[in-house]
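Engineer: The structure's right below; bear with me while I get my questions together.
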Amino acid sequence: MLISTPTTIGDALVEISNENTLAVGGGTSIALMLKNRLIEPDRLVLLNQVPALSGIEERDAQTVRIGATTTLLQLMHSPLINSALPVLSFAASRVGNPRVRSVATVGGAIIHGDPRQDIPPVLLSLGATAHIAGRAGERDVPLAEFFIGFMESAAGEDELVTEVTVPKIAGQRTHYTRFTPGSDDDYPTVGIAVAMTLADDGSVKDARIALGGVDSTAFLATEAASLLIGNRPTDELIAAVGESAAKSANPSDDQRGSERYKRAMVDVWTRRTLAICLKG
Amino acid sequence: MNVTMTLNGRPFSAETPSESLLVDVLRLNGFTGTKEGCGVGVCGACTVLVNDVPVASCIYLAALAEGQDVWTVEGLTAKDSALLDAFVEKEGMQCGICTPGQVVSAYALGIENPKANEEEIREFMAGNLCRCTGYVTITESVRTYLASK
């Protein structure tokens, strides 16, 4: 297996266009897959020496840019993320342990496409966009269209996710629930991320509900969220939203719960997460 | 491949297969303080510092360490005697297999949050497992070390 260590995005794109090649952010997942012989790439392209892929900053007054190789530890400690998108700092702080958070990257969390991870549903709820670069050019893909299957994404084999942009929305209420009935550092049985804004009259202006761990990808429960929009969130309405979210889930039986249990937990924790957001 | 890094403050270079993990490169070159426990980044026995942050060397590709500043338990305890003193004074070990990882994590906490309170110590050390369950004295050791700073 060959190792490439480019220092520019351009060089990285040349390197990843080689056959059977994988890009490596922090490599926490790739190292495990290599160890278990789940993957046998001919080449790894390490991205940790490409400065243009790192950093967190305000792209403009409405947008935060997070470079693909930003670590979860950097998300946790970024003053900008803590003030503008605190739910993202919180979710990062709940992933794995300090040794994983100091290495695992935001780009890796989305490109890996493991539906049980915490960062994808949170970014989905925040309306984030993935920026993808290839030798043919660059394109933006809303995260809602990025996850296309288990460990499959809209980024091609010879493309890189270079950054994620997240809109800053004034007055947005957010929360992420990571429900782990076993050990706290287990993958979540269900992860629920909610972002919503309220109008002056208390009705819901906008809402996104994203679910992790209960389908082959993290996804937006758009039907459930649409029930909220334009309405005042009564107990009955929230119950209907929980039920709708549960219906949209497509979980499978595993050691984190049966299909039926997970569906029930989507219902319960969607309602509770909404209640936390509404309390403000 | 050849991997070159600064290891415990000194230049270090080794020939190693490209898929090597950092823990293997360290151990095969005599730095056997770093242990491989679970092998999946969960137990903390393999903790080392890379550029001042704690890393699970059992899931960290050695190639990523190229040009980086790496510290193991050997280097950190030589650099900061208060670290071992605290673990000895509070008897923060039982069978000892997790101890190097606990010691490196304590040092890492000293960098990240030297004024950590009890809850923050427990939170930070949560991923360093001790199967003898000696957490009370480990936490006391960490607290004693932080107080020395």
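Naming works like this for the structure tokens: A, B, ... for the chains as they're shown, residue 1 at the start of each chain, ligands 1 onward in shown order.
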Find the residues of chain A in contact range of chain B, meaning any atom within 9 Å when counting only C-alpha atoms, and list them as a PyMOL selection string.
Structural biologist: chain A and resi 1-3+5+26-32+34-35+46-49+96-103+185
Engineer: Just to be explicit: take each residue in the selection above, keep N, CA and C atoms, and write the result as a PDB file, in the first residue's frame.
Structural biologist:
```
ATOM      1  N   MET A   1       0.840  -1.198   0.000  1.00  0.00           N
ATOM      2  CA  MET A   1       0.000   0.000   0.000  1.00  0.00           C
ATOM      3  C   MET A   1       0.879   1.254   0.000  1.00  0.00           C
ATOM      4  N   LEU A   2       0.544   2.180  -0.912  1.00  0.00           N
ATOM      5  CA  LEU A   2       1.326   3.412  -1.007  1.00  0.00           C
ATOM      6  C   LEU A   2       0.691   4.500  -0.142  1.00  0.00           C
ATOM      7  N   ILE A   3       1.527   5.417   0.291  1.00  0.00           N
ATOM      8  CA  ILE A   3       1.050   6.543   1.091  1.00  0.00           C
ATOM      9  C   ILE A   3       1.400   7.829   0.363  1.00  0.00           C
ATOM     10  N   THR A   5       1.232  12.083   0.727  1.00  0.00           N
ATOM     11  CA  THR A   5       1.035  13.149   1.712  1.00  0.00           C
ATOM     12  C   THR A   5       1.047  14.495   1.000  1.00  0.00           C
ATOM     13  N   GLY A  26      -8.679  11.763   9.839  1.00  0.00           N
ATOM     14  CA  GLY A  26      -8.004  11.340  11.062  1.00  0.00           C
ATOM     15  C   GLY A  26      -7.700   9.851  11.021  1.00  0.00           C
ATOM     16  N   GLY A  27      -8.422   9.133  10.162  1.00  0.00           N
ATOM     17  CA  GLY A  27      -8.154   7.709   9.964  1.00  0.00           C
ATOM     18  C   GLY A  27      -8.664   6.799  11.059  1.00  0.00           C
ATOM     19  N   THR A  28      -9.479   7.321  11.999  1.00  0.00           N
ATOM     20  CA  THR A  28      -9.905   6.450  13.105  1.00  0.00           C
ATOM     21  C   THR A  28     -10.769   5.294  12.599  1.00  0.00           C
ATOM     22  N   SER A  29     -11.607   5.554  11.605  1.00  0.00           N
ATOM     23  CA  SER A  29     -12.422   4.466  11.039  1.00  0.00           C
ATOM     24  C   SER A  29     -11.624   3.640  10.043  1.00  0.00           C
ATOM     25  N   ILE A  30     -10.828   4.332   9.228  1.00  0.00           N
ATOM     26  CA  ILE A  30     -10.050   3.618   8.206  1.00  0.00           C
ATOM     27  C   ILE A  30      -9.050   2.662   8.858  1.00  0.00           C
ATOM     28  N   ALA A  31      -8.412   3.096   9.962  1.00  0.00           N
ATOM     29  CA  ALA A  31      -7.441   2.214  10.637  1.00  0.00           C
ATOM     30  C   ALA A  31      -8.139   0.933  11.103  1.00  0.00           C
ATOM     31  N   LEU A  32      -9.349   1.078  11.619  1.00  0.00           N
ATOM     32  CA  LEU A  32     -10.087  -0.107  12.082  1.00  0.00           C
ATOM     33  C   LEU A  32     -10.462  -1.011  10.915  1.00  0.00           C
ATOM     34  N   LEU A  34      -8.924  -1.235   8.034  1.00  0.00           N
ATOM     35  CA  LEU A  34      -7.694  -1.869   7.539  1.00  0.00           C
ATOM     36  C   LEU A  34      -7.321  -3.062   8.414  1.00  0.00           C
ATOM     37  N   LYS A  35      -7.406  -2.823   9.730  1.00  0.00           N
ATOM     38  CA  LYS A  35      -7.053  -3.861  10.690  1.00  0.00           C
ATOM     39  C   LYS A  35      -7.908  -5.102  10.495  1.00  0.00           C
ATOM     40  N   LEU A  46      -3.138  10.919   2.694  1.00  0.00           N
ATOM     41  CA  LEU A  46      -3.310  11.559   4.000  1.00  0.00           C
ATOM     42  C   LEU A  46      -3.587  13.047   3.806  1.00  0.00           C
ATOM     43  N   LEU A  47      -4.621  13.528   4.460  1.00  0.00           N
ATOM     44  CA  LEU A  47      -5.015  14.931   4.258  1.00  0.00           C
ATOM     45  C   LEU A  47      -4.566  15.836   5.396  1.00  0.00           C
ATOM     46  N   ASN A  48      -3.849  15.263   6.372  1.00  0.00           N
ATOM     47  CA  ASN A  48      -3.513  16.075   7.553  1.00  0.00           C
ATOM     48  C   ASN A  48      -2.432  17.116   7.316  1.00  0.00           C
ATOM     49  N   GLN A  49      -1.846  17.125   6.126  1.00  0.00           N
ATOM     50  CA  GLN A  49      -0.818  18.142   5.828  1.00  0.00           C
ATOM     51  C   GLN A  49      -1.321  19.158   4.799  1.00  0.00           C
ATOM     52  N   GLY A  96     -17.372   9.295  21.142  1.00  0.00           N
ATOM     53  CA  GLY A  96     -16.232   8.472  21.557  1.00  0.00           C
ATOM     54  C   GLY A  96     -15.600   8.924  22.865  1.00  0.00           C
ATOM     55  N   ASN A  97     -14.327   9.240  22.803  1.00  0.00           N
ATOM     56  CA  ASN A  97     -13.568   9.658  23.977  1.00  0.00           C
ATOM     57  C   ASN A  97     -12.555  10.709  23.517  1.00  0.00           C
ATOM     58  N   PRO A  98     -11.842  11.351  24.464  1.00  0.00           N
ATOM     59  CA  PRO A  98     -10.934  12.438  24.052  1.00  0.00           C
ATOM     60  C   PRO A  98      -9.935  12.017  22.977  1.00  0.00           C
ATOM     61  N   ARG A  99      -9.481  10.757  22.995  1.00  0.00           N
ATOM     62  CA  ARG A  99      -8.454  10.320  22.045  1.00  0.00           C
ATOM     63  C   ARG A  99      -9.004  10.163  20.644  1.00  0.00           C
ATOM     64  N   VAL A 100     -10.296   9.871  20.548  1.00  0.00           N
ATOM     65  CA  VAL A 100     -10.931   9.799  19.233  1.00  0.00           C
ATOM     66  C   VAL A 100     -11.270  11.215  18.753  1.00  0.00           C
ATOM     67  N   ARG A 101     -11.797  12.039  19.657  1.00  0.00           N
ATOM     68  CA  ARG A 101     -12.211  13.394  19.271  1.00  0.00           C
ATOM     69  C   ARG A 101     -11.032  14.248  18.814  1.00  0.00           C
ATOM     70  N   SER A 102      -9.840  13.965  19.328  1.00  0.00           N
ATOM     71  CA  SER A 102      -8.702  14.797  18.949  1.00  0.00           C
ATOM     72  C   SER A 102      -8.162  14.422  17.576  1.00  0.00           C
ATOM     73  N   VAL A 103      -8.664  13.347  17.001  1.00  0.00           N
ATOM     74  CA  VAL A 103      -8.159  12.873  15.706  1.00  0.00           C
ATOM     75  C   VAL A 103      -9.264  12.844  14.644  1.00  0.00           C
ATOM     76  N   ASP A 185     -20.786   5.604  26.151  1.00  0.00           N
ATOM     77  CA  ASP A 185     -19.915   5.813  24.994  1.00  0.00           C
ATOM     78  C   ASP A 185     -20.178   4.813  23.858  1.00  0.00           C
TER      79      ASP A 185
END
```
Engineer: Show which residues sit within 12 Å of Leu7 of chain B, as a list in words. Count only C-alpha atoms, and ignore same-chain residues fewer than 3 positions away.
Structural biologist: Val3, Thr4, Arg10, Pro11, Phe12, Ser13, Ala14, Leu22, Val25, Leu26, Asn29, Phe31, Val48, Leu49, Val50, Asn51, Ala65, Glu66, Gly67, Gln68, Asp69, Val70, Trp71, Thr72, Val73, Glu74, Gly75 and Leu76 of chain B
Engineer: Please produce a file of the residues just selected, as a JSON list (two decimals), in the first residue's frame, where the atoms kept are C-alpha atoms.
Structural biologist:
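Result saved to out.json:
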```
[["chain", "number", "residue", "atom", "x", "y", "z"],
["B", 3, "VAL", "CA", 8.36, 7.56, 9.10],
["B", 4, "THR", "CA", 10.15, 10.44, 10.78],
["B", 10, "ARG", "CA", 14.25, 13.73, 20.00],
["B", 11, "PRO", "CA", 14.41, 13.02, 16.28],
["B", 12, "PHE", "CA", 13.10, 9.53, 15.53],
["B", 13, "SER", "CA", 12.87, 7.62, 12.30],
["B", 14, "ALA", "CA", 11.82, 4.05, 11.50],
["B", 22, "LEU", "CA", 1.62, 4.05, 15.68],
["B", 25, "VAL", "CA", 6.05, 1.33, 15.56],
["B", 26, "LEU", "CA", 6.53, 2.53, 19.14],
["B", 29, "ASN", "CA", 11.33, 0.29, 18.70],
["B", 31, "PHE", "CA", 8.82, 2.15, 23.64],
["B", 48, "VAL", "CA", 0.09, 8.85, 23.44],
["B", 49, "LEU", "CA", 0.30, 12.58, 22.76],
["B", 50, "VAL", "CA", 0.50, 13.86, 19.19],
["B", 51, "ASN", "CA", 0.96, 17.63, 19.00],
["B", 65, "ALA", "CA", 2.69, 10.89, 12.60],
["B", 66, "GLU", "CA", 5.13, 11.96, 9.88],
["B", 67, "GLY", "CA", 6.70, 15.23, 10.99],
["B", 68, "GLN", "CA", 4.58, 15.39, 14.17],
["B", 69, "ASP", "CA", 5.55, 15.84, 17.82],
["B", 70, "VAL", "CA", 4.87, 12.54, 19.61],
["B", 71, "TRP", "CA", 5.24, 11.83, 23.34],
["B", 72, "THR", "CA", 4.88, 8.50, 25.10],
["B", 73, "VAL", "CA", 4.64, 7.66, 28.79],
["B", 74, "GLU", "CA", 8.44, 7.24, 28.89],
["B", 75, "GLY", "CA", 9.08, 10.79, 27.72],
["B", 76, "LEU", "CA", 6.32, 12.48, 29.68]]
```
Engineer: May I have the residues within 7 Å of Ser125 of chain A as a ChimeraX atom specification, using only C-alpha atoms and disregarding those fewer than 4 positions away in the same chain?
Structural biologist: /A:121,193-195,208-210
Engineer: Would you please work out which residue, of A:Ala275, A:Ala170, A:Met151, A:Val266, is nearest to Asp114 of chain A when using only C-alpha atoms?
Structural biologist: A:Met151
Engineer: May I have all residues of segment 11-110 of chain B that DSSP, computed from the backbone, assigns to alpha helix (DSSP H), given as a PyMOL selection string?
Structural biologist: chain B and resi 22-28+73-79+81-89+99-110
Engineer: Let's have the selection written as an mmCIF file, in the first residue's frame, with C-alpha atoms.
Structural biologist:
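As a result, again_35.cif now contains:
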```cif
data_model
loop_
_atom_site.group_PDB
_atom_site.id
_atom_site.type_symbol
_atom_site.label_atom_id
_atom_site.label_comp_id
_atom_site.auth_asym_id
_atom_site.auth_seq_id
_atom_site.Cartn_x
_atom_site.Cartn_y
_atom_site.Cartn_z
ATOM 1 C CA LEU B 22 1.615 4.048 15.677
ATOM 2 C CA VAL B 23 1.401 1.675 18.656
ATOM 3 C CA ASP B 24 3.289 -1.007 16.704
ATOM 4 C CA VAL B 25 6.045 1.332 15.562
ATOM 5 C CA LEU B 26 6.531 2.525 19.142
ATOM 6 C CA ARG B 27 6.570 -0.929 20.712
ATOM 7 C CA LEU B 28 8.819 -2.493 18.078
ATOM 8 C CA VAL B 73 4.643 7.662 28.786
ATOM 9 C CA GLU B 74 8.438 7.242 28.893
ATOM 10 C CA GLY B 75 9.083 10.791 27.716
ATOM 11 C CA LEU B 76 6.315 12.479 29.685
ATOM 12 C CA THR B 77 7.272 10.928 33.023
ATOM 13 C CA ALA B 78 10.914 11.862 32.432
ATOM 14 C CA LYS B 79 9.893 15.416 31.543
ATOM 15 C CA SER B 81 8.354 14.026 37.623
ATOM 16 C CA ALA B 82 5.168 15.217 39.357
ATOM 17 C CA LEU B 83 3.231 12.925 37.027
ATOM 18 C CA LEU B 84 4.567 9.619 38.373
ATOM 19 C CA ASP B 85 4.879 11.010 41.887
ATOM 20 C CA ALA B 86 1.132 11.661 41.947
ATOM 21 C CA PHE B 87 0.268 8.117 40.801
ATOM 22 C CA VAL B 88 2.720 6.617 43.306
ATOM 23 C CA GLU B 89 1.546 8.783 46.189
ATOM 24 C CA THR B 99 -1.483 2.786 34.003
ATOM 25 C CA PRO B 100 0.636 4.174 31.140
ATOM 26 C CA GLY B 101 -2.537 5.315 29.371
ATOM 27 C CA GLN B 102 -3.915 6.836 32.574
ATOM 28 C CA VAL B 103 -0.641 8.698 33.100
ATOM 29 C CA VAL B 104 -0.546 10.070 29.541
ATOM 30 C CA SER B 105 -4.211 11.119 29.760
ATOM 31 C CA ALA B 106 -3.535 12.876 33.071
ATOM 32 C CA TYR B 107 -0.754 14.825 31.369
ATOM 33 C CA ALA B 108 -3.070 15.630 28.435
ATOM 34 C CA LEU B 109 -5.714 16.942 30.822
ATOM 35 C CA GLY B 110 -3.023 19.097 32.414
#
```
Engineer: I need the strand (DSSP E) residues of segment 9-125 of chain B per DSSP on the backbone, written as a list in words.
Structural biologist: Arg10, Pro11, Phe12, Ser13, Ala14, Glu15, Thr47, Val48, Leu49, Val50, Val53, Pro54, Val55, Ala56, Asp69, Val70 and Trp71 of chain B
Engineer: Residues as selected, N, CA and C atoms, written as a PDB file, in the first residue's frame, can you do that?
Structural biologist:
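File out-v1.pdb, as written:
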```pdb
ATOM      1  N   ARG B  10      13.056  14.036  20.804  1.00  0.00           N
ATOM      2  CA  ARG B  10      14.247  13.725  20.005  1.00  0.00           C
ATOM      3  C   ARG B  10      13.836  13.290  18.601  1.00  0.00           C
ATOM      4  N   PRO B  11      14.712  13.507  17.631  1.00  0.00           N
ATOM      5  CA  PRO B  11      14.406  13.017  16.279  1.00  0.00           C
ATOM      6  C   PRO B  11      14.298  11.492  16.293  1.00  0.00           C
ATOM      7  N   PHE B  12      13.309  10.979  15.573  1.00  0.00           N
ATOM      8  CA  PHE B  12      13.099   9.528  15.527  1.00  0.00           C
ATOM      9  C   PHE B  12      12.675   9.159  14.123  1.00  0.00           C
ATOM     10  N   SER B  13      13.188   8.046  13.645  1.00  0.00           N
ATOM     11  CA  SER B  13      12.872   7.617  12.297  1.00  0.00           C
ATOM     12  C   SER B  13      12.846   6.094  12.278  1.00  0.00           C
ATOM     13  N   ALA B  14      11.904   5.514  11.552  1.00  0.00           N
ATOM     14  CA  ALA B  14      11.817   4.050  11.499  1.00  0.00           C
ATOM     15  C   ALA B  14      11.311   3.603  10.139  1.00  0.00           C
ATOM     16  N   GLU B  15      11.792   2.447   9.711  1.00  0.00           N
ATOM     17  CA  GLU B  15      11.287   1.767   8.512  1.00  0.00           C
ATOM     18  C   GLU B  15      10.135   0.883   8.980  1.00  0.00           C
ATOM     19  N   THR B  47      -2.751   5.198  24.847  1.00  0.00           N
ATOM     20  CA  THR B  47      -2.755   6.657  24.680  1.00  0.00           C
ATOM     21  C   THR B  47      -1.346   7.244  24.585  1.00  0.00           C
ATOM     22  N   VAL B  48      -1.130   8.050  23.557  1.00  0.00           N
ATOM     23  CA  VAL B  48       0.095   8.846  23.445  1.00  0.00           C
ATOM     24  C   VAL B  48      -0.326  10.272  23.090  1.00  0.00           C
ATOM     25  N   LEU B  49       0.599  11.206  23.170  1.00  0.00           N
ATOM     26  CA  LEU B  49       0.295  12.577  22.756  1.00  0.00           C
ATOM     27  C   LEU B  49       0.840  12.804  21.358  1.00  0.00           C
ATOM     28  N   VAL B  50       0.010  13.396  20.490  1.00  0.00           N
ATOM     29  CA  VAL B  50       0.496  13.856  19.190  1.00  0.00           C
ATOM     30  C   VAL B  50       0.165  15.343  19.115  1.00  0.00           C
ATOM     31  N   VAL B  53      -2.182  16.659  21.912  1.00  0.00           N
ATOM     32  CA  VAL B  53      -3.507  16.093  22.179  1.00  0.00           C
ATOM     33  C   VAL B  53      -3.398  14.575  22.297  1.00  0.00           C
ATOM     34  N   PRO B  54      -4.235  13.983  23.153  1.00  0.00           N
ATOM     35  CA  PRO B  54      -4.153  12.529  23.346  1.00  0.00           C
ATOM     36  C   PRO B  54      -4.715  11.789  22.135  1.00  0.00           C
ATOM     37  N   VAL B  55      -4.061  10.726  21.781  1.00  0.00           N
ATOM     38  CA  VAL B  55      -4.424   9.964  20.585  1.00  0.00           C
ATOM     39  C   VAL B  55      -4.417   8.477  20.945  1.00  0.00           C
ATOM     40  N   ALA B  56      -5.376   7.723  20.395  1.00  0.00           N
ATOM     41  CA  ALA B  56      -5.370   6.267  20.558  1.00  0.00           C
ATOM     42  C   ALA B  56      -4.417   5.705  19.509  1.00  0.00           C
ATOM     43  N   ASP B  69       4.889  15.846  16.514  1.00  0.00           N
ATOM     44  CA  ASP B  69       5.548  15.839  17.822  1.00  0.00           C
ATOM     45  C   ASP B  69       4.849  14.811  18.707  1.00  0.00           C
ATOM     46  N   VAL B  70       5.494  13.671  18.908  1.00  0.00           N
ATOM     47  CA  VAL B  70       4.867  12.541  19.605  1.00  0.00           C
ATOM     48  C   VAL B  70       5.533  12.327  20.969  1.00  0.00           C
ATOM     49  N   TRP B  71       4.712  12.115  21.985  1.00  0.00           N
ATOM     50  CA  TRP B  71       5.235  11.832  23.335  1.00  0.00           C
ATOM     51  C   TRP B  71       4.583  10.573  23.878  1.00  0.00           C
TER      52      TRP B  71
END
```
Engineer: Pick out the residues sitting within 6 Å of Met196 of chain A, and hand them over as number ranges by chain; count only C-alpha atoms, and ignore anything fewer than 4 positions along from it in its own chain.
Structural biologist: A: 172-173, 206-207
Engineer: From the list A:Asp201, A:Asp235, A:Glu163, A:Asp254, which residue is nearest Ser54 of chain A when using only C-alpha atoms?
Structural biologist: A:Glu163
Engineer: B:Lys149, B:Ile97, B:Pro114, B:Thr32: which is nearest Leu129 of chain B, counting only C-alpha atoms?
Structural biologist: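 Nearest to Leu129 of chain B: B:Ile97.
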Engineer: Check the smallest atom-to-atom distance from each of A:Glu145, A:Asp11, A:Glu159, A:Glu57 to Ile81 of chain A using only C-alpha atoms, then report the winner.
Structural biologist: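 Going through A:Glu145, A:Asp11, A:Glu159, A:Glu57 one by one, the smallest distance to Ile81 of chain A is for A:Glu57.
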